[in-house]
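Working notes, structure below.
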There are 2 protein chains.
Amino acid sequence: MKISKNRKKNDHPGSAKQERYIQPSILMGLYLNPSYGYEIIRHIQNFGFVKGDAPPGMIYRHLRQLEEDGLVRSEWKTEGTGPAKRMYCITEEGNEVLSAWIGYMENQAEKLQNFIAMYRRLTK
Amino acid sequence: MKISKNRKKNDHPGSAKQERYIQPSILMGLYLNPSYGYEIIRHIQNFGFVKGDAPPGMIYRHLRQLEEDGLVRSEWKTEGTGPAKRMYCITEEGNEVLSAWIGYMENQAEKLQNFIAMYRRLTK
DNA sequence: TAAATATATATCCTTTAAGAATATATGTCA
DNA sequence: TGACATATATTCTTAAAGGATATATATTTA
């Protein structure tokens, strides 16, 4: 696709800073298994919304917010190899929010499909 | 769902400012028919991503950006009833970007479904 | 006909979340 | 001991949405 000279922002759809679904991805990860920041950074790509390692700042920022909101709980773990890790697990409230996220995401997927279907009807 | 005292931001999934798909909705509207800001504000809800009227500032901001990017073209229309309207139509480049948006949205819908399926496998 | 309302565009400020860079500290291993 | 991997944390910038308000014209109605 030709990129016009004047088009600086939003050069291709989805390139903007939006809707990475970081929060539900972290919650899903912790729903599967307790974990910690550095591991989440590397594994969050398995949930499909992040390519490669996540920016560390993003993950730690989210984890702190999630804990402040009571959706996860953490404790330092000094045993084991390497520097101390802050181990996180999901709370009951976290489970509820994850479930709500699933509902939202189903709704969003449906809206996307309707939009796509509308477009297809016009073009065929 | 219980809302904790400390949870201020992001109280419910999707409440944040993100992924409203305003740009593709405007492009789709203009793909259907040439139109103008005030009409788009009222009709954009038909595409599913905005509830009720859109905030005017948002629409006019997008229209200006789209024109600067060469995805739409406009001209003043003084005939007809009411104050003058700035009529917009989609350009060839706009069509290409809309088509790219459709591809992105298909991809996003698929990711969402994979995520949901993963969750369902865990909970059943 | 004057006031109220609807139509129409435009500008500005704030909030939210992501992106990106960098700092700091500890443990491991050649 | 010096390089590298592990691990967390902080800070700055950018993108996009949300929301408020300003301005002007046309139409309706009291």
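Residue numbering restarts at 1 in every chain; chains get A, B, ... in the order shown in the structure tokens, and ligands count up from 1 in that same order.
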
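Proximity to DT10 (chain D) at 12 Å, evaluated using only C-alpha atoms (C1' of nucleotides) and with sequence-adjacent residues fewer than 5 positions away removed, yields Pro56, Gly57, Met58, Tyr60 and Arg61 of chain A; DA21, DT22, DA23 and DT24 of chain C.
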
Dump of N, CA and C atoms (P, O5', C5', C4', C3', O3' and C1' of nucleotides) for the selected residues, as a PDB file, in the first residue's frame:
ATOM      1  N   PRO A  56       9.427  -4.264  29.707  1.00  0.00           N
ATOM      2  CA  PRO A  56       9.366  -4.508  31.157  1.00  0.00           C
ATOM      3  C   PRO A  56       8.555  -3.459  31.912  1.00  0.00           C
ATOM      4  N   GLY A  57       8.781  -2.201  31.577  1.00  0.00           N
ATOM      5  CA  GLY A  57       8.071  -1.142  32.292  1.00  0.00           C
ATOM      6  C   GLY A  57       6.572  -1.337  32.269  1.00  0.00           C
ATOM      7  N   MET A  58       6.083  -1.814  31.129  1.00  0.00           N
ATOM      8  CA  MET A  58       4.649  -2.023  30.973  1.00  0.00           C
ATOM      9  C   MET A  58       4.128  -3.091  31.926  1.00  0.00           C
ATOM     10  N   TYR A  60       5.568  -4.310  34.788  1.00  0.00           N
ATOM     11  CA  TYR A  60       5.672  -3.967  36.212  1.00  0.00           C
ATOM     12  C   TYR A  60       4.631  -2.924  36.588  1.00  0.00           C
ATOM     13  N   ARG A  61       4.425  -1.989  35.672  1.00  0.00           N
ATOM     14  CA  ARG A  61       3.390  -0.969  35.889  1.00  0.00           C
ATOM     15  C   ARG A  61       2.022  -1.639  36.094  1.00  0.00           C
TER      16      ARG A  61
ATOM     17  P    DA C  21      14.044   3.224  22.622  1.00  0.00           P
ATOM     18  O5'  DA C  21      14.929   3.976  23.707  1.00  0.00           O
ATOM     19  C5'  DA C  21      14.549   5.288  24.125  1.00  0.00           C
ATOM     20  C4'  DA C  21      14.987   5.498  25.551  1.00  0.00           C
ATOM     21  C3'  DA C  21      16.328   4.839  25.904  1.00  0.00           C
ATOM     22  O3'  DA C  21      17.233   5.853  26.336  1.00  0.00           O
ATOM     23  C1'  DA C  21      14.683   4.398  27.565  1.00  0.00           C
ATOM     24  P    DT C  22      18.779   5.449  26.639  1.00  0.00           P
ATOM     25  O5'  DT C  22      18.785   5.400  28.238  1.00  0.00           O
ATOM     26  C5'  DT C  22      17.960   6.315  28.962  1.00  0.00           C
ATOM     27  C4'  DT C  22      17.849   5.855  30.403  1.00  0.00           C
ATOM     28  C3'  DT C  22      19.149   5.245  30.953  1.00  0.00           C
ATOM     29  O3'  DT C  22      19.500   5.947  32.125  1.00  0.00           O
ATOM     30  C1'  DT C  22      17.283   3.911  31.495  1.00  0.00           C
ATOM     31  P    DA C  23      20.964   5.800  32.793  1.00  0.00           P
ATOM     32  O5'  DA C  23      20.565   5.405  34.277  1.00  0.00           O
ATOM     33  C5'  DA C  23      19.371   5.936  34.840  1.00  0.00           C
ATOM     34  C4'  DA C  23      19.010   5.144  36.081  1.00  0.00           C
ATOM     35  C3'  DA C  23      20.213   4.576  36.825  1.00  0.00           C
ATOM     36  O3'  DA C  23      20.036   4.840  38.204  1.00  0.00           O
ATOM     37  C1'  DA C  23      18.670   2.847  36.347  1.00  0.00           C
ATOM     38  P    DT C  24      21.319   4.676  39.215  1.00  0.00           P
ATOM     39  O5'  DT C  24      20.958   3.327  39.976  1.00  0.00           O
ATOM     40  C5'  DT C  24      19.630   3.124  40.471  1.00  0.00           C
ATOM     41  C4'  DT C  24      19.471   1.683  40.901  1.00  0.00           C
ATOM     42  C3'  DT C  24      20.735   1.050  41.489  1.00  0.00           C
ATOM     43  O3'  DT C  24      20.463   0.614  42.799  1.00  0.00           O
ATOM     44  C1'  DT C  24      19.695  -0.389  39.927  1.00  0.00           C
TER      45       DT C  24
END

Rows by chain and residue number, chain C within 7 Å of chain B, shortest pair, only C-alpha atoms (C1' of nucleotides), as a tab-separated table:
residue	atom	partner	partner_atom	distance
C:DT7	C1'	B:Gly82	CA	5.9
C:DA8	C1'	B:Pro83	CA	5.9
C:DT16	C1'	B:Lys17	CA	6.2

Mobile chain B placed on reference chain A by ordered C-alpha fit, as a PDB file with C-alpha atoms, in the first residue's frame:
ATOM      1  CA  MET B   1       0.006  -0.112  -0.033  1.00  0.00           C
ATOM      2  CA  LYS B   2       1.208   3.317  -1.003  1.00  0.00           C
ATOM      3  CA  ILE B   3       2.080   5.509   1.929  1.00  0.00           C
ATOM      4  CA  SER B   4       1.437   9.178   1.255  1.00  0.00           C
ATOM      5  CA  LYS B   5       4.059  11.762   2.131  1.00  0.00           C
ATOM      6  CA  ASN B   6       1.759  13.468   4.575  1.00  0.00           C
ATOM      7  CA  ARG B   7       0.622  10.416   6.476  1.00  0.00           C
ATOM      8  CA  LYS B   8       2.745  10.330   9.577  1.00  0.00           C
ATOM      9  CA  LYS B   9       0.548   8.918  12.268  1.00  0.00           C
ATOM     10  CA  ASN B  10      -1.347   5.698  12.243  1.00  0.00           C
ATOM     11  CA  ASP B  11       0.400   4.525   9.118  1.00  0.00           C
ATOM     12  CA  HIS B  12      -1.162   1.129   9.278  1.00  0.00           C
ATOM     13  CA  PRO B  13      -4.189  -0.097  11.170  1.00  0.00           C
ATOM     14  CA  GLY B  14      -3.413  -1.368  14.608  1.00  0.00           C
ATOM     15  CA  SER B  15      -0.082   0.416  14.755  1.00  0.00           C
ATOM     16  CA  ALA B  16      -1.372   2.834  17.357  1.00  0.00           C
ATOM     17  CA  LYS B  17      -1.009   2.452  21.080  1.00  0.00           C
ATOM     18  CA  GLN B  18      -4.222   0.770  21.985  1.00  0.00           C
ATOM     19  CA  GLU B  19      -5.995  -2.403  22.872  1.00  0.00           C
ATOM     20  CA  ARG B  20      -3.070  -4.656  23.556  1.00  0.00           C
ATOM     21  CA  TYR B  21      -5.148  -6.535  26.159  1.00  0.00           C
ATOM     22  CA  ILE B  22      -2.238  -6.507  28.557  1.00  0.00           C
ATOM     23  CA  GLN B  23      -4.371  -6.676  31.681  1.00  0.00           C
ATOM     24  CA  PRO B  24      -6.444  -9.736  30.733  1.00  0.00           C
ATOM     25  CA  SER B  25      -3.318 -11.441  29.407  1.00  0.00           C
ATOM     26  CA  ILE B  26      -1.550 -10.997  32.741  1.00  0.00           C
ATOM     27  CA  LEU B  27      -4.632 -12.180  34.626  1.00  0.00           C
ATOM     28  CA  MET B  28      -4.930 -15.221  32.369  1.00  0.00           C
ATOM     29  CA  GLY B  29      -1.256 -16.022  32.945  1.00  0.00           C
ATOM     30  CA  LEU B  30      -1.721 -15.868  36.708  1.00  0.00           C
ATOM     31  CA  TYR B  31      -4.941 -17.835  36.438  1.00  0.00           C
ATOM     32  CA  LEU B  32      -2.891 -20.628  34.854  1.00  0.00           C
ATOM     33  CA  ASN B  33      -0.016 -20.394  37.335  1.00  0.00           C
ATOM     34  CA  PRO B  34       1.480 -18.022  39.890  1.00  0.00           C
ATOM     35  CA  SER B  35       4.317 -16.148  38.261  1.00  0.00           C
ATOM     36  CA  TYR B  36       6.509 -13.036  38.452  1.00  0.00           C
ATOM     37  CA  GLY B  37       7.316 -10.012  36.321  1.00  0.00           C
ATOM     38  CA  TYR B  38      10.335 -11.228  34.462  1.00  0.00           C
ATOM     39  CA  GLU B  39       8.637 -14.450  33.467  1.00  0.00           C
ATOM     40  CA  ILE B  40       5.450 -12.688  32.432  1.00  0.00           C
ATOM     41  CA  ILE B  41       7.480 -10.355  30.212  1.00  0.00           C
ATOM     42  CA  ARG B  42       8.710 -13.357  28.233  1.00  0.00           C
ATOM     43  CA  HIS B  43       5.548 -15.479  28.277  1.00  0.00           C
ATOM     44  CA  ILE B  44       2.798 -12.950  27.664  1.00  0.00           C
ATOM     45  CA  GLN B  45       3.295 -13.324  23.914  1.00  0.00           C
ATOM     46  CA  ASN B  46       1.649 -16.762  24.209  1.00  0.00           C
ATOM     47  CA  PHE B  47      -1.699 -15.057  24.689  1.00  0.00           C
ATOM     48  CA  GLY B  48      -1.527 -13.524  21.227  1.00  0.00           C
ATOM     49  CA  PHE B  49      -1.692  -9.774  21.782  1.00  0.00           C
ATOM     50  CA  VAL B  50       1.981  -8.982  22.250  1.00  0.00           C
ATOM     51  CA  LYS B  51       4.762  -9.886  19.843  1.00  0.00           C
ATOM     52  CA  GLY B  52       8.009 -11.005  21.460  1.00  0.00           C
ATOM     53  CA  ASP B  53       8.982  -9.820  24.909  1.00  0.00           C
ATOM     54  CA  ALA B  54       6.799  -7.138  26.470  1.00  0.00           C
ATOM     55  CA  PRO B  55       8.409  -3.841  27.520  1.00  0.00           C
ATOM     56  CA  PRO B  56       9.338  -4.455  31.176  1.00  0.00           C
ATOM     57  CA  GLY B  57       8.030  -1.082  32.331  1.00  0.00           C
ATOM     58  CA  MET B  58       4.612  -1.976  31.017  1.00  0.00           C
ATOM     59  CA  ILE B  59       4.409  -5.262  32.885  1.00  0.00           C
ATOM     60  CA  TYR B  60       5.657  -3.965  36.240  1.00  0.00           C
ATOM     61  CA  ARG B  61       3.356  -0.979  35.959  1.00  0.00           C
ATOM     62  CA  HIS B  62       0.378  -3.277  35.356  1.00  0.00           C
ATOM     63  CA  LEU B  63       1.338  -5.627  38.176  1.00  0.00           C
ATOM     64  CA  ARG B  64       1.534  -2.775  40.662  1.00  0.00           C
ATOM     65  CA  GLN B  65      -1.830  -1.402  39.507  1.00  0.00           C
ATOM     66  CA  LEU B  66      -3.418  -4.852  39.638  1.00  0.00           C
ATOM     67  CA  GLU B  67      -2.177  -5.354  43.181  1.00  0.00           C
ATOM     68  CA  GLU B  68      -3.389  -1.913  44.237  1.00  0.00           C
ATOM     69  CA  ASP B  69      -6.774  -2.868  42.804  1.00  0.00           C
ATOM     70  CA  GLY B  70      -6.802  -6.145  44.707  1.00  0.00           C
ATOM     71  CA  LEU B  71      -6.862  -8.329  41.599  1.00  0.00           C
ATOM     72  CA  VAL B  72      -3.533  -9.973  42.376  1.00  0.00           C
ATOM     73  CA  ARG B  73      -1.466 -10.558  45.503  1.00  0.00           C
ATOM     74  CA  SER B  74       2.326 -10.802  45.752  1.00  0.00           C
ATOM     75  CA  GLU B  75       5.138 -11.855  48.033  1.00  0.00           C
ATOM     76  CA  TRP B  76       8.911 -11.873  47.710  1.00  0.00           C
ATOM     77  CA  LYS B  77      10.452 -15.212  46.954  1.00  0.00           C
ATOM     78  CA  THR B  78      14.137 -15.389  47.795  1.00  0.00           C
ATOM     79  CA  GLU B  79      14.649 -19.149  47.481  1.00  0.00           C
ATOM     80  CA  GLY B  80      15.714 -20.587  44.168  1.00  0.00           C
ATOM     81  CA  THR B  81      18.226 -19.333  41.654  1.00  0.00           C
ATOM     82  CA  GLY B  82      18.915 -15.708  40.668  1.00  0.00           C
ATOM     83  CA  PRO B  83      17.825 -12.432  42.286  1.00  0.00           C
ATOM     84  CA  ALA B  84      14.715 -12.376  44.451  1.00  0.00           C
ATOM     85  CA  LYS B  85      11.419 -12.512  42.578  1.00  0.00           C
ATOM     86  CA  ARG B  86       8.123 -10.960  43.495  1.00  0.00           C
ATOM     87  CA  MET B  87       5.687 -13.846  43.011  1.00  0.00           C
ATOM     88  CA  TYR B  88       2.138 -12.931  42.053  1.00  0.00           C
ATOM     89  CA  CYS B  89      -1.051 -14.919  42.224  1.00  0.00           C
ATOM     90  CA  ILE B  90      -4.567 -13.992  41.175  1.00  0.00           C
ATOM     91  CA  THR B  91      -7.226 -13.221  43.786  1.00  0.00           C
ATOM     92  CA  GLU B  92     -10.895 -14.114  43.808  1.00  0.00           C
ATOM     93  CA  GLU B  93     -11.664 -10.598  42.671  1.00  0.00           C
ATOM     94  CA  GLY B  94      -9.081 -11.019  39.921  1.00  0.00           C
ATOM     95  CA  ASN B  95     -10.914 -14.114  38.734  1.00  0.00           C
ATOM     96  CA  GLU B  96     -14.131 -12.150  38.543  1.00  0.00           C
ATOM     97  CA  VAL B  97     -12.499  -9.374  36.554  1.00  0.00           C
ATOM     98  CA  LEU B  98     -10.924 -11.889  34.180  1.00  0.00           C
ATOM     99  CA  SER B  99     -14.338 -13.412  33.642  1.00  0.00           C
ATOM    100  CA  ALA B 100     -15.741  -9.940  32.929  1.00  0.00           C
ATOM    101  CA  TRP B 101     -12.907  -9.367  30.463  1.00  0.00           C
ATOM    102  CA  ILE B 102     -13.900 -12.559  28.652  1.00  0.00           C
ATOM    103  CA  GLY B 103     -17.439 -11.255  28.343  1.00  0.00           C
ATOM    104  CA  TYR B 104     -16.184  -7.940  27.008  1.00  0.00           C
ATOM    105  CA  MET B 105     -13.882  -9.657  24.545  1.00  0.00           C
ATOM    106  CA  GLU B 106     -16.671 -11.883  23.241  1.00  0.00           C
ATOM    107  CA  ASN B 107     -18.743  -8.804  22.663  1.00  0.00           C
ATOM    108  CA  GLN B 108     -15.878  -7.053  20.934  1.00  0.00           C
ATOM    109  CA  ALA B 109     -15.214 -10.057  18.686  1.00  0.00           C
ATOM    110  CA  GLU B 110     -18.863 -10.058  17.675  1.00  0.00           C
ATOM    111  CA  LYS B 111     -18.790  -6.354  16.839  1.00  0.00           C
ATOM    112  CA  LEU B 112     -15.692  -6.875  14.746  1.00  0.00           C
ATOM    113  CA  GLN B 113     -17.323  -9.706  12.844  1.00  0.00           C
ATOM    114  CA  ASN B 114     -20.427  -7.642  12.191  1.00  0.00           C
ATOM    115  CA  PHE B 115     -18.295  -4.809  10.866  1.00  0.00           C
ATOM    116  CA  ILE B 116     -16.323  -7.156   8.617  1.00  0.00           C
ATOM    117  CA  ALA B 117     -19.514  -8.797   7.350  1.00  0.00           C
ATOM    118  CA  MET B 118     -20.950  -5.376   6.504  1.00  0.00           C
ATOM    119  CA  TYR B 119     -17.841  -4.580   4.490  1.00  0.00           C
ATOM    120  CA  ARG B 120     -17.914  -7.921   2.699  1.00  0.00           C
ATOM    121  CA  ARG B 121     -21.535  -7.430   1.695  1.00  0.00           C
ATOM    122  CA  LEU B 122     -20.584  -4.124   0.083  1.00  0.00           C
ATOM    123  CA  THR B 123     -17.557  -5.349  -1.809  1.00  0.00           C
ATOM    124  CA  LYS B 124     -18.668  -8.659  -3.252  1.00  0.00           C
TER     125      LYS B 124
END

* Can you check which residues of region 2-123 of chain B DSSP gives as strand (DSSP E) on the backbone and send them as an MDAnalysis selection string? => chainID B and resid 35:36 72:77 85:90

Could you save those same residues with all heavy atoms as a short mmCIF file (atom, residue, chain, number, x, y, z; two decimals), in the first residue's frame?
data_model
loop_
_atom_site.label_atom_id
_atom_site.label_comp_id
_atom_site.auth_asym_id
_atom_site.auth_seq_id
_atom_site.Cartn_x
_atom_site.Cartn_y
_atom_site.Cartn_z
N SER B 35 -20.68 12.10 3.14
CA SER B 35 -21.40 12.60 4.29
C SER B 35 -20.63 13.78 4.89
O SER B 35 -19.65 14.25 4.32
CB SER B 35 -21.58 11.48 5.31
OG SER B 35 -22.35 11.92 6.42
N TYR B 36 -21.08 14.24 6.07
CA TYR B 36 -20.44 15.39 6.71
C TYR B 36 -20.48 15.18 8.22
O TYR B 36 -21.22 14.33 8.73
CB TYR B 36 -21.14 16.68 6.31
CG TYR B 36 -22.61 16.69 6.60
CD1 TYR B 36 -23.11 17.31 7.74
CD2 TYR B 36 -23.52 16.06 5.75
CE1 TYR B 36 -24.47 17.31 8.03
CE2 TYR B 36 -24.87 16.06 6.03
CZ TYR B 36 -25.34 16.67 7.16
OH TYR B 36 -26.68 16.66 7.45
N VAL B 72 -9.52 11.00 2.80
CA VAL B 72 -10.81 11.57 2.42
C VAL B 72 -10.56 12.93 1.78
O VAL B 72 -9.47 13.49 1.90
CB VAL B 72 -11.75 11.74 3.64
CG1 VAL B 72 -11.94 10.44 4.40
CG2 VAL B 72 -11.24 12.83 4.58
N ARG B 73 -11.59 13.43 1.10
CA ARG B 73 -11.51 14.72 0.44
C ARG B 73 -12.80 15.47 0.79
O ARG B 73 -13.83 14.84 0.99
CB ARG B 73 -11.45 14.48 -1.07
CG ARG B 73 -10.91 15.63 -1.87
CD ARG B 73 -10.76 15.28 -3.36
NE ARG B 73 -11.49 14.11 -3.79
CZ ARG B 73 -10.92 13.00 -4.29
NH1 ARG B 73 -9.61 12.93 -4.38
NH2 ARG B 73 -11.66 12.01 -4.69
N SER B 74 -12.73 16.80 0.92
CA SER B 74 -13.94 17.52 1.32
C SER B 74 -14.15 18.77 0.50
O SER B 74 -13.22 19.31 -0.11
CB SER B 74 -13.84 17.91 2.80
OG SER B 74 -12.97 19.02 2.96
N GLU B 75 -15.38 19.23 0.48
CA GLU B 75 -15.70 20.54 -0.08
C GLU B 75 -16.93 21.08 0.63
O GLU B 75 -17.80 20.33 1.07
CB GLU B 75 -15.92 20.45 -1.59
CG GLU B 75 -16.87 19.36 -2.03
CD GLU B 75 -16.89 19.20 -3.54
OE1 GLU B 75 -15.82 19.40 -4.18
OE2 GLU B 75 -17.97 18.91 -4.08
N TRP B 76 -17.00 22.41 0.73
CA TRP B 76 -18.13 23.06 1.36
C TRP B 76 -19.36 22.91 0.48
O TRP B 76 -19.28 23.04 -0.73
CB TRP B 76 -17.86 24.55 1.59
CG TRP B 76 -16.95 24.79 2.75
CD1 TRP B 76 -15.63 25.06 2.70
CD2 TRP B 76 -17.32 24.76 4.12
NE1 TRP B 76 -15.14 25.21 3.98
CE2 TRP B 76 -16.16 25.03 4.86
CE3 TRP B 76 -18.53 24.53 4.81
CZ2 TRP B 76 -16.15 25.07 6.25
CZ3 TRP B 76 -18.51 24.56 6.19
CH2 TRP B 76 -17.34 24.84 6.90
N LYS B 77 -20.47 22.62 1.14
CA LYS B 77 -21.73 22.55 0.42
C LYS B 77 -22.69 23.53 1.06
O LYS B 77 -23.09 23.36 2.22
CB LYS B 77 -22.31 21.14 0.48
CG LYS B 77 -23.50 20.95 -0.42
CD LYS B 77 -24.17 19.61 -0.18
CE LYS B 77 -25.56 19.60 -0.79
NZ LYS B 77 -26.33 18.42 -0.37
N LYS B 85 -22.37 22.83 5.11
CA LYS B 85 -21.76 21.58 5.56
C LYS B 85 -20.46 21.36 4.80
O LYS B 85 -20.35 21.74 3.64
CB LYS B 85 -22.67 20.39 5.25
CG LYS B 85 -24.13 20.60 5.56
CD LYS B 85 -24.93 19.43 5.02
CE LYS B 85 -26.39 19.79 4.76
NZ LYS B 85 -27.04 20.53 5.81
N ARG B 86 -19.53 20.73 5.46
CA ARG B 86 -18.33 20.29 4.75
C ARG B 86 -18.53 18.83 4.37
O ARG B 86 -18.49 17.94 5.22
CB ARG B 86 -17.09 20.45 5.63
CG ARG B 86 -15.80 20.19 4.89
CD ARG B 86 -14.58 20.36 5.78
NE ARG B 86 -14.08 21.73 5.84
CZ ARG B 86 -13.37 22.32 4.88
NH1 ARG B 86 -13.07 21.65 3.78
NH2 ARG B 86 -12.97 23.56 5.01
N MET B 87 -18.78 18.59 3.07
CA MET B 87 -19.07 17.24 2.61
C MET B 87 -17.78 16.48 2.36
O MET B 87 -16.88 17.00 1.69
CB MET B 87 -19.87 17.30 1.30
CG MET B 87 -21.29 17.82 1.45
SD MET B 87 -22.36 16.72 2.43
CE MET B 87 -22.39 15.27 1.36
N TYR B 88 -17.72 15.27 2.88
CA TYR B 88 -16.53 14.43 2.72
C TYR B 88 -16.84 13.22 1.85
O TYR B 88 -17.94 12.65 1.91
CB TYR B 88 -16.08 13.90 4.08
CG TYR B 88 -15.40 14.94 4.94
CD1 TYR B 88 -16.15 15.75 5.80
CD2 TYR B 88 -14.02 15.11 4.92
CE1 TYR B 88 -15.53 16.70 6.61
CE2 TYR B 88 -13.40 16.06 5.72
CZ TYR B 88 -14.16 16.85 6.55
OH TYR B 88 -13.54 17.79 7.34
N CYS B 89 -15.86 12.82 1.05
CA CYS B 89 -15.96 11.53 0.39
C CYS B 89 -14.62 10.81 0.52
O CYS B 89 -13.59 11.43 0.77
CB CYS B 89 -16.38 11.67 -1.08
SG CYS B 89 -15.19 12.58 -2.07
N ILE B 90 -14.67 9.51 0.40
CA ILE B 90 -13.46 8.70 0.58
C ILE B 90 -12.64 8.72 -0.69
O ILE B 90 -13.19 8.81 -1.80
CB ILE B 90 -13.86 7.26 1.00
CG1 ILE B 90 -12.65 6.48 1.54
CG2 ILE B 90 -14.52 6.53 -0.16
CD1 ILE B 90 -13.05 5.20 2.26
#

Next item on the list: Would you kindly return, as a list in words, each protein, DNA or RNA residue with an atom no farther than 10 Å from any atom of DT28 (chain C), considering only C-alpha atoms (C1' of nucleotides) and excluding same-chain residues fewer than 2 positions away?
Entry: Thr81 and Gly82 of chain A; DT26 and DA30 of chain C; DC4, DA5 and DT6 of chain D

Per residue of chain D within 10 Å of chain A, record the nearest atom pair and its distance in Å to one decimal, counting only C-alpha atoms (C1' of nucleotides), with rows in chain order and ascending residue number, as a tab-separated table.
residue	atom	partner	partner_atom	distance
D:DA5	C1'	A:Gly82	CA	8.9
D:DT6	C1'	A:Gly82	CA	5.9
D:DA7	C1'	A:Pro83	CA	5.9
D:DT8	C1'	A:Tyr60	CA	7.7
D:DA9	C1'	A:Tyr60	CA	7.7
D:DT10	C1'	A:Gly57	CA	8.4
D:DT11	C1'	A:Gly57	CA	9.9
D:DT14	C1'	A:Lys17	CA	8.7
D:DA15	C1'	A:Lys17	CA	6.0
D:DA16	C1'	A:Lys17	CA	7.7

Could those residues be written to a file, using N, CA and C atoms (P, O5', C5', C4', C3', O3' and C1' of nucleotides), as a JSON list (two decimals), in the first residue's frame?
[["chain", "number", "residue", "atom", "x", "y", "z"],
["D", 5, "DA", "P", 23.74, -12.91, 28.12],
["D", 5, "DA", "O5'", 22.74, -13.46, 29.24],
["D", 5, "DA", "C5'", 23.05, -14.68, 29.91],
["D", 5, "DA", "C4'", 22.22, -14.77, 31.17],
["D", 5, "DA", "C3'", 20.75, -14.41, 30.99],
["D", 5, "DA", "O3'", 19.97, -15.42, 31.60],
["D", 5, "DA", "C1'", 21.69, -13.10, 32.73],
["D", 6, "DT", "P", 18.37, -15.36, 31.63],
["D", 6, "DT", "O5'", 18.12, -14.71, 33.07],
["D", 6, "DT", "C5'", 18.58, -15.39, 34.23],
["D", 6, "DT", "C4'", 18.25, -14.59, 35.47],
["D", 6, "DT", "C3'", 16.78, -14.24, 35.64],
["D", 6, "DT", "O3'", 16.36, -14.65, 36.92],
["D", 6, "DT", "C1'", 18.13, -12.34, 35.96],
["D", 7, "DA", "P", 14.83, -14.83, 37.29],
["D", 7, "DA", "O5'", 14.39, -13.33, 37.63],
["D", 7, "DA", "C5'", 14.63, -12.81, 38.93],
["D", 7, "DA", "C4'", 14.38, -11.33, 38.99],
["D", 7, "DA", "C3'", 13.05, -10.79, 38.46],
["D", 7, "DA", "O3'", 12.13, -10.75, 39.55],
["D", 7, "DA", "C1'", 14.89, -9.28, 38.20],
["D", 8, "DT", "P", 10.66, -10.07, 39.33],
["D", 8, "DT", "O5'", 10.98, -8.55, 39.65],
["D", 8, "DT", "C5'", 11.62, -8.22, 40.88],
["D", 8, "DT", "C4'", 11.93, -6.75, 40.95],
["D", 8, "DT", "C3'", 10.71, -5.84, 40.80],
["D", 8, "DT", "O3'", 10.60, -5.06, 41.98],
["D", 8, "DT", "C1'", 12.54, -5.07, 39.49],
["D", 9, "DA", "P", 9.36, -4.05, 42.21],
["D", 9, "DA", "O5'", 9.94, -2.69, 41.63],
["D", 9, "DA", "C5'", 11.19, -2.20, 42.09],
["D", 9, "DA", "C4'", 11.54, -0.92, 41.36],
["D", 9, "DA", "C3'", 10.36, 0.03, 41.16],
["D", 9, "DA", "O3'", 10.62, 1.20, 41.92],
["D", 9, "DA", "C1'", 11.68, -0.17, 39.18],
["D", 10, "DT", "P", 9.54, 2.38, 41.96],
["D", 10, "DT", "O5'", 10.12, 3.42, 40.90],
["D", 10, "DT", "C5'", 11.53, 3.67, 40.88],
["D", 10, "DT", "C4'", 11.85, 4.65, 39.76],
["D", 10, "DT", "C3'", 10.81, 5.75, 39.54],
["D", 10, "DT", "O3'", 11.51, 6.99, 39.52],
["D", 10, "DT", "C1'", 11.31, 4.67, 37.49],
["D", 11, "DT", "P", 10.68, 8.37, 39.55],
["D", 11, "DT", "O5'", 10.87, 8.88, 38.05],
["D", 11, "DT", "C5'", 12.14, 8.74, 37.42],
["D", 11, "DT", "C4'", 12.01, 9.04, 35.94],
["D", 11, "DT", "C3'", 10.97, 10.12, 35.61],
["D", 11, "DT", "O3'", 11.60, 11.13, 34.83],
["D", 11, "DT", "C1'", 10.67, 8.21, 34.23],
["D", 14, "DT", "P", 7.45, 13.15, 22.17],
["D", 14, "DT", "O5'", 6.28, 12.12, 21.85],
["D", 14, "DT", "C5'", 6.63, 10.78, 21.48],
["D", 14, "DT", "C4'", 5.37, 9.99, 21.26],
["D", 14, "DT", "C3'", 4.30, 10.69, 20.42],
["D", 14, "DT", "O3'", 3.92, 9.79, 19.40],
["D", 14, "DT", "C1'", 3.36, 9.90, 22.45],
["D", 15, "DA", "P", 2.81, 10.21, 18.32],
["D", 15, "DA", "O5'", 1.53, 9.42, 18.81],
["D", 15, "DA", "C5'", 1.63, 8.02, 19.05],
["D", 15, "DA", "C4'", 0.27, 7.47, 19.36],
["D", 15, "DA", "C3'", -0.86, 8.04, 18.49],
["D", 15, "DA", "O3'", -1.71, 6.97, 18.14],
["D", 15, "DA", "C1'", -1.30, 8.51, 20.78],
["D", 16, "DA", "P", -2.82, 7.24, 17.02],
["D", 16, "DA", "O5'", -4.14, 7.38, 17.90],
["D", 16, "DA", "C5'", -4.56, 6.27, 18.69],
["D", 16, "DA", "C4'", -5.58, 6.73, 19.68],
["D", 16, "DA", "C3'", -6.75, 7.50, 19.08],
["D", 16, "DA", "O3'", -7.90, 6.68, 19.14],
["D", 16, "DA", "C1'", -5.97, 8.46, 21.13]]

Distance query DT23 (chain D) at most 10 Å, only C-alpha atoms (C1' of nucleotides), self and fewer than 2 positions along chain excluded, as a ChimeraX atom specification | /C:9-10 /D:21,25

| query | Which neighbours of DA4 (chain C) fall inside 10 Å, counting only C-alpha atoms (C1' of nucleotides), when residues of the same chain fewer than 6 positions from it are skipped, and could you give them as a list in words? | reply | DT28, DT29 and DA30 of chain D

What separates C1' of DT1 (chain D) and C1' of DC29 (chain C) is a distance of 11.3 Å

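For region 67-99 of chain A, a DSSP pass over the backbone yields helix (DSSP H, G or I) at Glu67, Glu68, Glu92, Glu93, Gly94, Asn95, Glu96, Val97, Leu98 and Ser99 of chain A.
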